[in-house]
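Q: Contents of protein-v6.tsv (TSV, C-alpha atoms and all ligand atoms) are below:
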chain	number	residue	atom	x	y	z
A	1	MET	CA	13.70	-31.86	22.30
A	2	SER	CA	17.39	-32.59	23.05
A	3	GLY	CA	17.93	-34.71	19.93
A	4	ILE	CA	17.81	-31.59	17.78
A	5	THR	CA	20.82	-29.91	19.42
A	6	CYS	CA	24.15	-30.03	17.67
A	7	ASN	CA	27.73	-29.45	18.62
A	8	ILE	CA	30.45	-27.53	16.86
A	9	ALA	CA	33.83	-27.35	18.56
A	10	GLY	CA	32.33	-27.78	22.01
A	11	VAL	CA	29.64	-25.13	21.44
A	12	THR	CA	26.15	-26.58	21.72
A	13	LEU	CA	23.60	-25.11	19.32
A	14	ARG	CA	19.93	-25.33	20.34
A	15	ASN	CA	19.07	-26.61	16.89
A	16	PRO	CA	21.00	-26.96	13.62
A	17	VAL	CA	19.49	-23.90	11.91
A	18	ILE	CA	21.91	-20.97	11.55
A	19	MET	CA	21.15	-17.78	9.63
A	20	ALA	CA	23.69	-17.35	6.84
A	21	SER	CA	26.09	-14.43	6.66
A	22	GLY	CA	24.91	-11.46	4.64
A	23	THR	CA	21.23	-12.37	4.81
A	24	PHE	CA	20.50	-11.48	8.42
A	25	GLY	CA	22.56	-8.36	9.21
A	26	TYR	CA	23.35	-8.63	12.91
A	27	GLY	CA	19.83	-9.87	13.64
A	28	ARG	CA	18.21	-6.63	14.79
A	29	GLU	CA	15.65	-6.32	11.96
A	30	TYR	CA	14.55	-9.95	12.27
A	31	ALA	CA	14.16	-9.70	16.06
A	32	ALA	CA	10.97	-7.73	15.30
A	33	TYR	CA	9.48	-10.89	13.77
A	34	TYR	CA	10.41	-13.61	16.30
A	35	PRO	CA	12.69	-14.26	19.30
A	36	LEU	CA	16.12	-15.03	17.89
A	37	SER	CA	16.54	-17.64	20.64
A	38	ARG	CA	14.51	-19.94	18.36
A	39	LEU	CA	17.54	-20.19	16.11
A	40	GLY	CA	20.56	-22.43	16.39
A	41	GLY	CA	22.73	-19.45	15.52
A	42	ILE	CA	23.29	-16.30	13.50
A	43	ALA	CA	26.27	-15.61	11.22
A	44	THR	CA	27.00	-11.89	11.03
A	45	LYS	CA	27.39	-9.99	7.78
A	46	GLY	CA	31.00	-10.42	6.68
A	47	LEU	CA	33.31	-8.09	8.59
A	48	THR	CA	36.67	-6.66	7.65
A	49	LEU	CA	39.26	-4.88	9.78
A	50	PHE	CA	38.29	-1.51	8.32
A	51	PRO	CA	34.83	-0.35	7.18
A	52	ARG	CA	33.92	-0.97	3.53
A	53	ALA	CA	31.33	0.88	1.46
A	54	GLY	CA	30.64	-2.11	-0.79
A	55	ASN	CA	30.31	-2.23	-4.58
A	56	PRO	CA	28.81	0.54	-6.73
A	57	GLY	CA	25.92	-0.14	-9.12
A	58	VAL	CA	23.40	-2.96	-9.01
A	59	ARG	CA	23.88	-5.18	-5.99
A	60	VAL	CA	21.09	-7.74	-6.17
A	61	TRP	CA	19.19	-9.33	-9.03
A	62	GLU	CA	16.44	-11.92	-8.81
A	63	THR	CA	16.80	-15.03	-10.99
A	64	ALA	CA	14.38	-17.82	-11.87
A	65	ALA	CA	15.17	-19.78	-8.71
A	66	GLY	CA	17.36	-17.60	-6.58
A	67	MET	CA	19.29	-14.37	-6.65
A	68	LEU	CA	22.56	-12.84	-7.67
A	69	ASN	CA	24.42	-10.50	-5.35
A	70	SER	CA	27.35	-8.17	-5.71
A	71	VAL	CA	27.30	-6.49	-2.31
A	72	GLY	CA	31.06	-6.25	-2.07
A	73	LEU	CA	31.51	-6.82	1.66
A	74	GLU	CA	29.82	-3.62	2.82
A	75	ASN	CA	30.33	-3.53	6.59
A	76	PRO	CA	31.17	-1.11	9.43
A	77	GLY	CA	34.49	-2.77	10.32
A	78	VAL	CA	35.48	-5.05	13.19
A	79	ASP	CA	35.80	-2.34	15.86
A	80	ALA	CA	32.36	-0.85	15.15
A	81	PHE	CA	30.85	-4.34	15.22
A	82	ILE	CA	32.44	-5.01	18.61
A	83	SER	CA	31.31	-1.72	20.13
A	84	ARG	CA	27.81	-1.55	18.58
A	85	GLU	CA	26.57	-5.07	17.84
A	86	LEU	CA	28.42	-7.84	19.69
A	87	ASP	CA	26.88	-7.35	23.15
A	88	TRP	CA	23.39	-7.03	21.71
A	89	MET	CA	23.89	-10.25	19.75
A	90	LEU	CA	25.16	-12.07	22.85
A	91	GLU	CA	21.96	-11.08	24.69
A	92	GLN	CA	19.79	-12.89	22.11
A	93	ASP	CA	20.47	-16.33	23.61
A	94	THR	CA	21.70	-17.93	20.41
A	95	THR	CA	25.11	-18.86	19.02
A	96	VAL	CA	26.95	-16.09	17.18
A	97	LEU	CA	29.16	-16.85	14.19
A	98	ILE	CA	31.37	-13.83	13.56
A	99	ASN	CA	32.10	-13.86	9.84
A	100	LEU	CA	35.50	-12.37	8.99
A	101	GLY	CA	36.78	-11.44	5.54
A	102	GLY	CA	39.98	-9.66	4.55
A	103	GLY	CA	42.00	-8.12	1.78
A	104	SER	CA	45.40	-9.37	2.99
A	105	LEU	CA	46.84	-11.94	5.34
A	106	GLU	CA	47.70	-9.18	7.82
A	107	GLU	CA	44.15	-7.83	7.71
A	108	TYR	CA	42.67	-11.25	8.44
A	109	VAL	CA	45.07	-11.79	11.35
A	110	GLU	CA	44.51	-8.37	12.91
A	111	GLY	CA	40.72	-8.72	12.52
A	112	ALA	CA	40.80	-12.15	14.18
A	113	ALA	CA	43.02	-10.87	16.99
A	114	ARG	CA	40.65	-7.98	17.78
A	115	ILE	CA	37.62	-10.26	17.80
A	116	ASP	CA	39.52	-12.70	20.01
A	117	ALA	CA	40.47	-9.93	22.46
A	118	ALA	CA	36.88	-8.66	22.64
A	119	CYS	CA	35.62	-12.17	23.39
A	120	ARG	CA	38.27	-12.77	26.06
A	121	GLU	CA	37.33	-9.51	27.76
A	122	ARG	CA	33.70	-10.59	27.89
A	123	THR	CA	34.52	-14.09	29.15
A	124	LYS	CA	36.59	-12.54	31.95
A	125	ALA	CA	33.60	-10.36	32.84
A	126	GLY	CA	31.60	-13.57	33.34
A	127	LYS	CA	29.58	-13.46	30.11
A	128	LYS	CA	28.46	-16.67	28.45
A	129	LEU	CA	30.17	-16.72	25.08
A	130	PRO	CA	28.63	-19.01	22.46
A	131	VAL	CA	30.83	-17.58	19.69
A	132	LEU	CA	32.44	-19.17	16.64
A	133	LEU	CA	34.71	-17.36	14.20
A	134	GLU	CA	33.60	-18.04	10.62
A	135	LEU	CA	36.59	-17.28	8.40
A	136	ASN	CA	35.36	-16.18	4.99
A	137	ILE	CA	37.79	-17.03	2.21
A	138	SER	CA	35.00	-17.28	-0.32
A	139	CYS	CA	33.45	-13.86	-1.07
A	140	PRO	CA	33.04	-13.78	-4.86
A	141	ASN	CA	32.51	-10.04	-5.15
A	142	VAL	CA	35.65	-8.19	-4.10
A	143	LYS	CA	38.72	-7.99	-6.25
A	144	GLU	CA	41.36	-7.80	-3.57
A	145	GLY	CA	40.07	-10.20	-0.97
A	146	GLY	CA	37.78	-13.00	0.04
A	147	MET	CA	37.64	-15.52	-2.76
A	148	ALA	CA	41.13	-14.66	-3.99
A	149	PHE	CA	42.23	-16.63	-0.91
A	150	GLY	CA	39.79	-19.46	-1.40
A	151	ILE	CA	40.56	-20.77	-4.88
A	152	GLU	CA	43.97	-22.38	-4.45
A	153	THR	CA	44.54	-24.65	-1.45
A	154	ALA	CA	48.10	-23.41	-0.88
A	155	THR	CA	46.99	-19.77	-0.63
A	156	ALA	CA	44.06	-20.63	1.60
A	157	ARG	CA	46.37	-22.65	3.85
A	158	SER	CA	48.42	-19.58	4.74
A	159	VAL	CA	45.29	-17.68	5.84
A	160	VAL	CA	43.82	-20.57	7.83
A	161	ARG	CA	47.17	-21.23	9.54
A	162	ALA	CA	47.73	-17.57	10.45
A	163	VAL	CA	44.18	-17.05	11.75
A	164	ARG	CA	44.35	-20.34	13.68
A	165	GLU	CA	47.45	-18.98	15.44
A	166	ALA	CA	45.78	-15.61	16.08
A	167	THR	CA	42.73	-16.91	17.94
A	168	GLY	CA	41.63	-19.54	20.41
A	169	LEU	CA	38.00	-19.12	19.31
A	170	PRO	CA	36.38	-22.12	17.64
A	171	LEU	CA	37.22	-21.71	13.97
A	172	VAL	CA	34.86	-22.46	11.07
A	173	VAL	CA	36.18	-21.87	7.54
A	174	LYS	CA	33.60	-20.90	4.91
A	175	LEU	CA	34.49	-22.39	1.54
A	176	SER	CA	33.81	-21.46	-2.04
A	177	PRO	CA	32.27	-23.75	-4.67
A	178	ASN	CA	34.52	-21.84	-7.07
A	179	ALA	CA	37.60	-23.38	-5.41
A	180	ARG	CA	39.68	-25.58	-7.68
A	181	ASP	CA	39.07	-28.54	-5.34
A	182	ILE	CA	36.73	-27.84	-2.44
A	183	VAL	CA	37.14	-31.28	-0.86
A	184	GLU	CA	40.92	-30.87	-0.81
A	185	MET	CA	40.35	-27.40	0.66
A	186	ALA	CA	38.25	-28.88	3.49
A	187	ARG	CA	40.93	-31.50	4.19
A	188	MET	CA	43.51	-28.72	4.39
A	189	CYS	CA	41.32	-26.77	6.88
A	190	GLU	CA	41.08	-29.84	9.10
A	191	ALA	CA	44.85	-30.39	8.93
A	192	GLU	CA	45.46	-26.74	9.90
A	193	GLY	CA	43.33	-27.03	13.02
A	194	ALA	CA	39.98	-25.62	11.88
A	195	ASP	CA	37.13	-26.91	14.02
A	196	ALA	CA	34.57	-27.02	11.20
A	197	VAL	CA	33.93	-25.96	7.62
A	198	SER	CA	30.84	-24.27	6.21
A	199	LEU	CA	29.89	-24.62	2.54
A	200	ILE	CA	28.97	-23.50	-0.02
A	201	ASN	CA	29.27	-19.74	-0.47
A	202	SER	CA	27.57	-18.35	-3.58
A	203	VAL	CA	28.42	-19.60	-7.08
A	204	LEU	CA	30.13	-17.19	-9.46
A	205	ALA	CA	27.52	-16.29	-12.08
A	206	MET	CA	26.36	-13.55	-14.44
A	207	LYS	CA	23.45	-11.50	-15.80
A	208	ILE	CA	23.60	-9.49	-19.03
A	209	ASP	CA	21.53	-6.40	-19.83
A	210	ILE	CA	20.94	-7.06	-23.55
A	211	ARG	CA	19.71	-3.50	-24.16
A	212	ALA	CA	22.91	-1.99	-22.78
A	213	ARG	CA	24.94	-4.94	-24.08
A	214	ARG	CA	26.90	-5.24	-20.87
A	215	SER	CA	26.80	-7.10	-17.57
A	216	ILE	CA	24.23	-5.86	-15.07
A	217	PHE	CA	27.02	-5.82	-12.48
A	218	ARG	CA	29.96	-3.40	-12.44
A	219	GLN	CA	32.24	-6.26	-11.36
A	220	THR	CA	30.89	-8.31	-14.32
A	221	TYR	CA	30.22	-11.44	-12.22
A	222	ALA	CA	28.15	-11.92	-9.07
A	223	GLY	CA	27.29	-14.65	-6.56
A	224	LEU	CA	24.31	-16.94	-7.21
A	225	SER	CA	22.40	-18.26	-4.19
A	226	GLY	CA	18.96	-19.70	-3.40
A	227	PRO	CA	17.10	-22.87	-4.46
A	228	ALA	CA	18.90	-22.93	-7.84
A	229	ILE	CA	22.13	-24.02	-6.16
A	230	LYS	CA	20.70	-26.48	-3.62
A	231	PRO	CA	21.36	-29.72	-5.52
A	232	ILE	CA	24.94	-28.63	-6.22
A	233	ALA	CA	25.51	-27.63	-2.59
A	234	LEU	CA	24.04	-30.93	-1.38
A	235	ARG	CA	26.39	-32.91	-3.61
A	236	ILE	CA	29.42	-30.96	-2.39
A	237	VAL	CA	28.40	-31.28	1.27
A	238	HIS	CA	27.94	-35.03	0.78
A	239	GLN	CA	31.40	-35.37	-0.79
A	240	THR	CA	33.01	-33.24	1.93
A	241	THR	CA	31.44	-34.99	4.91
A	242	LYS	CA	32.80	-38.29	3.59
A	243	ALA	CA	36.30	-36.78	3.36
A	244	VAL	CA	36.80	-34.98	6.69
A	245	GLY	CA	36.30	-35.74	10.38
A	246	ILE	CA	35.36	-32.20	11.46
A	247	PRO	CA	31.75	-30.99	11.36
A	248	VAL	CA	30.42	-29.63	8.07
A	249	ILE	CA	27.81	-26.86	8.08
A	250	GLY	CA	25.70	-27.20	4.94
A	251	ILE	CA	24.67	-24.08	3.04
A	252	GLY	CA	22.93	-23.57	-0.28
A	253	GLY	CA	19.32	-22.89	-1.18
A	254	ILE	CA	17.69	-24.26	1.95
A	255	ALA	CA	14.05	-23.16	1.97
A	256	SER	CA	12.27	-25.74	4.14
A	257	ALA	CA	12.74	-28.23	6.96
A	258	GLU	CA	12.83	-30.97	4.31
A	259	ASP	CA	15.73	-29.23	2.56
A	260	ALA	CA	17.59	-28.93	5.87
A	261	LEU	CA	17.00	-32.63	6.59
A	262	GLU	CA	18.49	-33.54	3.21
A	263	PHE	CA	21.70	-31.79	4.24
A	264	VAL	CA	21.72	-33.61	7.60
A	265	MET	CA	21.23	-36.94	5.79
A	266	ALA	CA	24.16	-35.94	3.54
A	267	GLY	CA	26.21	-35.63	6.74
A	268	ALA	CA	25.93	-31.98	7.80
A	269	GLU	CA	26.14	-31.24	11.53
A	270	ALA	CA	24.18	-28.01	11.03
A	271	VAL	CA	22.83	-25.91	8.17
A	272	GLN	CA	22.61	-22.26	7.22
A	273	VAL	CA	19.57	-20.57	5.73
A	274	GLY	CA	20.36	-17.55	3.56
A	275	THR	CA	18.38	-16.34	0.56
A	276	TRP	CA	15.09	-17.68	1.95
A	277	ASN	CA	15.24	-15.06	4.71
A	278	PHE	CA	14.47	-12.50	1.99
A	279	VAL	CA	11.39	-14.47	0.92
A	280	HIS	CA	10.04	-15.25	4.41
A	281	PRO	CA	11.46	-13.25	7.33
A	282	CYS	CA	10.38	-16.05	9.69
A	283	ALA	CA	12.07	-18.77	7.61
A	284	GLY	CA	14.71	-19.66	10.21
A	285	ALA	CA	12.29	-20.19	13.10
A	286	GLU	CA	9.85	-22.09	10.88
A	287	ILE	CA	12.52	-24.40	9.49
A	288	ALA	CA	13.78	-25.17	13.02
A	289	ALA	CA	10.23	-25.95	14.20
A	290	GLY	CA	9.62	-28.00	11.03
A	291	ILE	CA	12.62	-30.21	11.78
A	292	THR	CA	11.21	-31.00	15.24
A	293	ASP	CA	7.77	-31.76	13.74
A	294	TRP	CA	9.31	-34.09	11.18
A	295	MET	CA	11.33	-35.91	13.84
A	296	CYS	CA	8.21	-36.40	15.99
A	297	SER	CA	6.16	-37.63	13.04
A	298	GLN	CA	8.90	-40.08	12.01
A	299	GLY	CA	9.81	-41.26	15.51
A	300	VAL	CA	13.37	-39.96	15.08
A	301	ALA	CA	14.62	-39.12	18.56
A	302	SER	CA	17.94	-37.60	17.53
A	303	LEU	CA	19.38	-36.06	14.39
A	304	ASP	CA	22.39	-38.31	15.03
A	305	ASP	CA	20.17	-41.21	13.94
A	306	ILE	CA	19.88	-39.82	10.40
A	307	ARG	CA	23.07	-37.74	10.06
A	308	GLY	CA	25.15	-38.96	7.13
A	309	ILE	CA	22.75	-41.85	6.51
A	310	VAL	CA	23.02	-41.42	2.73
B	401	LIG	O1	29.42	-9.07	0.37
B	401	LIG	C1	29.34	-9.84	-0.60
B	401	LIG	O2	29.29	-9.45	-1.78
B	401	LIG	C2	29.30	-11.31	-0.41
B	401	LIG	C3	30.09	-12.01	0.50
B	401	LIG	BR1	31.21	-11.17	1.75
B	401	LIG	C4	30.07	-13.43	0.51
B	401	LIG	O3	30.76	-14.12	1.28
B	401	LIG	N1	29.24	-14.05	-0.36
B	401	LIG	C5	28.46	-13.36	-1.24
B	401	LIG	O4	27.73	-13.98	-2.02
B	401	LIG	N2	28.50	-12.00	-1.24
Would you encode the structure as structure tokens?
A:
Amino acid sequence: MSGITCNIAGVTLRNPVIMASGTFGYGREYAAYYPLSRLGGIATKGLTLFPRAGNPGVRVWETAAGMLNSVGLENPGVDAFISRELDWMLEQDTTVLINLGGGSLEEYVEGAARIDAACRERTKAGKKLPVLLELNISCPNVKEGGMAFGIETATARSVVRAVREATGLPLVVKLSPNARDIVEMARMCEAEGADAVSLINSVLAMKIDIRARRSIFRQTYAGLSGPAIKPIALRIVHQTTKAVGIPVIGIGGIASAEDALEFVMAGAEAVQVGTWNFVHPCAGAEIAAGITDWMCSQGVASLDDIRGIV
């Protein structure tokens, strides 16, 4: 069904269902459950220029309708990703969103430049390259990076501008609901030449161990995701799509085709499924198939016919 494809910065996705960063690794474990070509795309675990061990102590905690995480950007670093994972991901016949975090402006720029060079090399070698760079300025769990750049628009602007100059790859900026003004942030991304924005990252939250009388998490706060945040995410996506002309990728608690369709009706070009991958490993493929079923049952030939209808 062609009406289910979507387009982000000239890259055509088979369907609008992308696996969210940090919930899908680099795809290898999930490939045992279904062909990853059933997905619109996969966002990698957040990468940084150098490897990071992540946060000590408790990293995940289930809540009534979602989960808290304090992973702390554990990743093998950009170079290891390029040498060990990138080619495998490109063979899976789906779009790859390379999620990039950083602890300083220089680290973001160097990380983006290395990813850009690796992609250029592969394009020259004749490889098809459905790759987007997803710039993460919204990680809530590391002191010296991520969200520190995504709260104030002026600070975020310097990162978006510098990364935009460092790469010709299609650029998606992943935004934080903890930003002072996320709509203004999205407008800034558009003005600085970003091709799309993705939102929302997890919501800063907390869990207290009343026996120990302290936070469960060493960093005190953690990121809340899952169905608990879906109505908030939907509201923010709706506000943002009305304010910018670039595509918005909706993220936040999507657990069914119906949830995904709500985001499309709010104006999202595509969606990301995160926490639900931990509940049902086949969630992504089932949600994509469910969207097609719904369209057939409703006589909707193209998602364009319902996108932003609300
Ligand atoms: O690794 C993390 O702790 C993390 C990241 Br990079 C992010 O972007 N969002 C999140 O909830 N956790």
Q: Give me the residues within 6 Å of stretch 36-52 of chain A as a PyMOL selection string, counting only C-alpha atoms and dropping any in the same chain fewer than 3 places off.
A: chain A and resi 13-22+25-26+31+74-78+92-102+111+285
Q: Write out, as a PDB file, in the coordinates of the input, the residues just selected, with C-alpha atoms.
A:
ATOM      1  CA  LEU A  13      23.600 -25.110  19.320  1.00  0.00           C
ATOM      2  CA  ARG A  14      19.930 -25.330  20.340  1.00  0.00           C
ATOM      3  CA  ASN A  15      19.070 -26.610  16.890  1.00  0.00           C
ATOM      4  CA  PRO A  16      21.000 -26.960  13.620  1.00  0.00           C
ATOM      5  CA  VAL A  17      19.490 -23.900  11.910  1.00  0.00           C
ATOM      6  CA  ILE A  18      21.910 -20.970  11.550  1.00  0.00           C
ATOM      7  CA  MET A  19      21.150 -17.780   9.630  1.00  0.00           C
ATOM      8  CA  ALA A  20      23.690 -17.350   6.840  1.00  0.00           C
ATOM      9  CA  SER A  21      26.090 -14.430   6.660  1.00  0.00           C
ATOM     10  CA  GLY A  22      24.910 -11.460   4.640  1.00  0.00           C
ATOM     11  CA  GLY A  25      22.560  -8.360   9.210  1.00  0.00           C
ATOM     12  CA  TYR A  26      23.350  -8.630  12.910  1.00  0.00           C
ATOM     13  CA  ALA A  31      14.160  -9.700  16.060  1.00  0.00           C
ATOM     14  CA  GLU A  74      29.820  -3.620   2.820  1.00  0.00           C
ATOM     15  CA  ASN A  75      30.330  -3.530   6.590  1.00  0.00           C
ATOM     16  CA  PRO A  76      31.170  -1.110   9.430  1.00  0.00           C
ATOM     17  CA  GLY A  77      34.490  -2.770  10.320  1.00  0.00           C
ATOM     18  CA  VAL A  78      35.480  -5.050  13.190  1.00  0.00           C
ATOM     19  CA  GLN A  92      19.790 -12.890  22.110  1.00  0.00           C
ATOM     20  CA  ASP A  93      20.470 -16.330  23.610  1.00  0.00           C
ATOM     21  CA  THR A  94      21.700 -17.930  20.410  1.00  0.00           C
ATOM     22  CA  THR A  95      25.110 -18.860  19.020  1.00  0.00           C
ATOM     23  CA  VAL A  96      26.950 -16.090  17.180  1.00  0.00           C
ATOM     24  CA  LEU A  97      29.160 -16.850  14.190  1.00  0.00           C
ATOM     25  CA  ILE A  98      31.370 -13.830  13.560  1.00  0.00           C
ATOM     26  CA  ASN A  99      32.100 -13.860   9.840  1.00  0.00           C
ATOM     27  CA  LEU A 100      35.500 -12.370   8.990  1.00  0.00           C
ATOM     28  CA  GLY A 101      36.780 -11.440   5.540  1.00  0.00           C
ATOM     29  CA  GLY A 102      39.980  -9.660   4.550  1.00  0.00           C
ATOM     30  CA  GLY A 111      40.720  -8.720  12.520  1.00  0.00           C
ATOM     31  CA  ALA A 285      12.290 -20.190  13.100  1.00  0.00           C
TER      32      ALA A 285
END
Q: By how many Å are atom CA of A:Thr63 and atom CA of A:Leu224 apart?
A: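 Spanning atom CA of A:Thr63 to atom CA of A:Leu224 is a straight-line distance of 8.6 Å.
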Q: Around ligand LIG 401 (chain B), which protein and nucleic acid residues have at least one atom no more than 7 Å from it, if we count all atoms listed in the file? List them as number ranges by chain.
A: A: 22, 46, 69-74, 101, 136, 138-142, 201-202, 223-224
Q: Go through A:Ile306, A:Cys282, A:Val159, A:Val58 one by one, measure the shortest atom-to-atom distance of each to A:Gly267 using all atoms listed in the file, and give the residue with the smallest value.
A: A:Ile306
Q: Which polymer residues, whether protein, DNA or RNA, lie within 10 Å of the coordinate (11.8, -25.0, 9.8) when you count all atoms listed in the file? List them as a ChimeraX atom specification, using the chain letters and numbers from the file.
A: /A:17,39,254-261,273,282-294
Q: Quick one, how far is atom CA of A:Ile182 from atom CA of A:Glu110?
A: 26.0 Å
Q: Calculated over all atoms listed in the file, which of the candidates A:Arg157, A:Met206, A:Val264, A:Pro231 has the smallest distance to A:Arg218?
A: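 When distances to A:Arg218 are compared using all atoms listed in the file, the smallest one comes from A:Met206.
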Q: Report, in Å with one decimal, the straight-line distance from atom CA of A:Phe263 to atom CA of A:Val248.
A: 9.8 Å
Q: Between A:Asp304, A:Glu165, A:Asp116, A:Glu192, which residue has the minimum interatomic distance to A:Asp79, considering all atoms listed in the file?
A: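 Once distances to A:Asp79 are computed over all atoms listed in the file, the minimum belongs to A:Asp116.
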Q: Could you add whatever atoms are missing so that stretch 21-35 of chain A carries N, CA, C and O atoms, then write the result as a compact mmCIF listing (two decimals), in the frame of the given file?
A:
# COMPACT_ATOMS: atom_id res chain seq x y z
N SER A 21 25.47 -15.75 6.74
CA SER A 21 26.09 -14.43 6.66
C SER A 21 25.56 -13.63 5.47
O SER A 21 25.39 -14.17 4.37
N GLY A 22 25.30 -12.36 5.72
CA GLY A 22 24.91 -11.46 4.64
C GLY A 22 23.42 -11.46 4.35
O GLY A 22 22.96 -10.68 3.51
N THR A 23 22.68 -12.32 5.04
CA THR A 23 21.23 -12.37 4.81
C THR A 23 20.45 -12.00 6.07
O THR A 23 19.22 -12.03 6.06
N PHE A 24 21.17 -11.66 7.13
CA PHE A 24 20.50 -11.48 8.42
C PHE A 24 21.06 -10.28 9.17
O PHE A 24 20.70 -10.05 10.33
N GLY A 25 21.92 -9.49 8.53
CA GLY A 25 22.56 -8.36 9.21
C GLY A 25 23.23 -8.84 10.47
O GLY A 25 24.01 -9.80 10.47
N TYR A 26 22.88 -8.18 11.59
CA TYR A 26 23.35 -8.63 12.91
C TYR A 26 22.13 -9.11 13.72
O TYR A 26 22.21 -9.26 14.93
N GLY A 27 21.01 -9.28 13.03
CA GLY A 27 19.83 -9.87 13.64
C GLY A 27 18.77 -8.87 14.08
O GLY A 27 17.62 -9.25 14.31
N ARG A 28 19.14 -7.60 14.18
CA ARG A 28 18.21 -6.63 14.79
C ARG A 28 16.88 -6.55 14.05
O ARG A 28 15.81 -6.55 14.68
N GLU A 29 16.91 -6.49 12.72
CA GLU A 29 15.65 -6.32 11.96
C GLU A 29 14.75 -7.53 12.12
O GLU A 29 13.53 -7.42 12.23
N TYR A 30 15.35 -8.72 12.17
CA TYR A 30 14.55 -9.95 12.27
C TYR A 30 13.99 -10.16 13.67
O TYR A 30 12.99 -10.85 13.84
N ALA A 31 14.64 -9.54 14.67
CA ALA A 31 14.16 -9.70 16.06
C ALA A 31 12.75 -9.10 16.21
O ALA A 31 12.04 -9.42 17.16
N ALA A 32 12.33 -8.27 15.26
CA ALA A 32 10.97 -7.73 15.30
C ALA A 32 9.95 -8.80 14.91
O ALA A 32 8.76 -8.67 15.21
N TYR A 33 10.40 -9.85 14.25
CA TYR A 33 9.48 -10.89 13.77
C TYR A 33 9.36 -12.08 14.71
O TYR A 33 8.32 -12.69 14.82
N TYR A 34 10.47 -12.46 15.38
CA TYR A 34 10.41 -13.61 16.30
C TYR A 34 11.62 -13.58 17.23
O TYR A 34 12.65 -12.95 16.89
N PRO A 35 11.53 -14.24 18.40
CA PRO A 35 12.69 -14.26 19.30
C PRO A 35 13.84 -15.03 18.64
O PRO A 35 13.66 -16.17 18.21
